[in-house]
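Undergrad: I have a structure I would like to understand better, so I am pasting it below and will then ask my questions one at a time.
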Amino acid sequence: MLAIRTILLNGPLDEAAAESAGAQLRALQELDALTPVRLCVSSPGGDLAAGLGLAQAVRDAACPVSTLCMGQARGVALLVTASGAPGRRYSLPHTYLSLELVPPSTSTAAPVRLDAAALPRLRELVVGELAERSGRPAEAVGEDAAAGRVLTPEEAVAYGLVDRVVTSASEIR
């Protein structure tokens, strides 16, 4: 997939998945900092710290990063999707996008050890980043996340988390 500048984030977002996707992104931008990279996301979410780190890597990439939700993007995986380059955040029509922030312990990966004060702070950071990406007030995003709000792809566009619904990956630039 790297030959076609495509990275797959498939499954729970844990430290290993975030590090693998981040390393692939760094390698591709070192090879060519001008040609876009496509990050395809299908993840139920997971480790908030790992997801925040990957979202930051996507935003800071030297090359433009197109993101495509193709299946599901829950919580911090939705943040990764929303962190694509402006105008390059996509969703396929039959995806499941949820603002619900799943705590790390529900991931199928090895549990992440956090002290009791860390999880609320990480949730606050994710909500703040989702608010920044969507252009919505953090309080409103926090309420939607607490309620586990699920968005259709069209609603995700209106919410400001993706830019366009596409019917095939060939429509992505």
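In the structure tokens, chains take the letters A, B, ... in the order shown, each chain's residues start at 1, and ligands count up from 1 in the order shown.
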Using only C-alpha atoms, determine which residues lie at most 7 Å from A:Gly160, disregarding the query and same-chain residues fewer than 4 positions distant; provide the list as a list in words.
TA: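 In the requested format, the answer is Ser134, Gly135 and Ala156 of chain A.
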Undergrad: Return as JSON lines the residues of stretch 46-159 of chain A lying at most 6 Å from stretch 13-20 of chain A, together with the closest atom-to-atom pair for each and the distance in Å to one decimal, counting only C-alpha atoms, with rows in chain order and ascending residue number.
TA:
{"residue": "A:Gly46", "atom": "CA", "partner": "A:Leu13", "partner_atom": "CA", "distance": 4.9}
{"residue": "A:Asp47", "atom": "CA", "partner": "A:Asp14", "partner_atom": "CA", "distance": 5.1}
{"residue": "A:Ala50", "atom": "CA", "partner": "A:Glu15", "partner_atom": "CA", "distance": 5.2}
{"residue": "A:Leu54", "atom": "CA", "partner": "A:Ala18", "partner_atom": "CA", "distance": 5.6}
Undergrad: Among chain A, which residues does DSSP mark as strand (DSSP E or B) when it is run on the backbone? Keep the chain and numbering as in the structure and answer as a VMD selection string.
TA: chain A and resid 6 to 10 13 37 to 43 46 65 to 74 89 to 91 96 to 98 150 to 151 164 to 165
Undergrad: Now that the selection is made, can you save its residues with C-alpha atoms as an mmCIF file, in the first residue's frame?
TA:
data_model
loop_
_atom_site.group_PDB
_atom_site.id
_atom_site.type_symbol
_atom_site.label_atom_id
_atom_site.label_comp_id
_atom_site.auth_asym_id
_atom_site.auth_seq_id
_atom_site.Cartn_x
_atom_site.Cartn_y
_atom_site.Cartn_z
ATOM 1 C CA THR A 6 -1.947 4.748 1.166
ATOM 2 C CA ILE A 7 -1.947 3.917 4.877
ATOM 3 C CA LEU A 8 -4.600 1.686 6.440
ATOM 4 C CA LEU A 9 -5.774 2.184 10.013
ATOM 5 C CA ASN A 10 -8.002 -0.822 10.519
ATOM 6 C CA LEU A 13 -6.584 2.373 17.737
ATOM 7 C CA VAL A 37 -0.877 10.575 1.282
ATOM 8 C CA ARG A 38 -4.194 8.791 1.782
ATOM 9 C CA LEU A 39 -5.063 7.528 5.285
ATOM 10 C CA CYS A 40 -8.001 5.095 5.238
ATOM 11 C CA VAL A 41 -9.686 4.734 8.636
ATOM 12 C CA SER A 42 -11.949 1.958 9.863
ATOM 13 C CA SER A 43 -11.615 1.907 13.635
ATOM 14 C CA GLY A 46 -9.541 3.137 21.547
ATOM 15 C CA VAL A 65 -2.933 13.976 4.067
ATOM 16 C CA SER A 66 -6.329 12.930 2.722
ATOM 17 C CA THR A 67 -8.395 10.931 5.203
ATOM 18 C CA LEU A 68 -11.146 8.507 4.260
ATOM 19 C CA CYS A 69 -13.577 6.944 6.716
ATOM 20 C CA MET A 70 -14.441 3.570 5.258
ATOM 21 C CA GLY A 71 -16.441 1.536 7.742
ATOM 22 C CA GLN A 72 -16.393 3.259 11.074
ATOM 23 C CA ALA A 73 -14.667 6.001 13.001
ATOM 24 C CA ARG A 74 -15.551 6.234 16.677
ATOM 25 C CA ARG A 89 -11.447 14.723 4.674
ATOM 26 C CA TYR A 90 -13.792 12.150 3.150
ATOM 27 C CA SER A 91 -16.307 9.489 4.083
ATOM 28 C CA TYR A 96 -20.578 4.809 11.079
ATOM 29 C CA LEU A 97 -19.161 7.982 12.624
ATOM 30 C CA SER A 98 -19.538 8.415 16.380
ATOM 31 C CA VAL A 150 -23.703 8.959 15.958
ATOM 32 C CA LEU A 151 -23.495 10.856 12.669
ATOM 33 C CA ARG A 164 -17.277 15.397 1.450
ATOM 34 C CA VAL A 165 -19.030 12.061 1.014
#
Undergrad: For each of A:Val162, A:Ala145, A:Leu2, A:Pro64, take the minimum atom-to-atom distance to A:Val80, counting only C-alpha atoms, then give the residue where this is smallest.
TA: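 For A:Val80, the nearest of the candidates is A:Val162.
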Undergrad: Could you list, as a list of chain:residue names, every residue within 8 Å of A:Arg26, counting only C-alpha atoms and ignoring same-chain residues fewer than 4 positions away?
TA: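 Near A:Arg26, the qualifying residues are A:Gly22, A:Glu30, A:Ala61.
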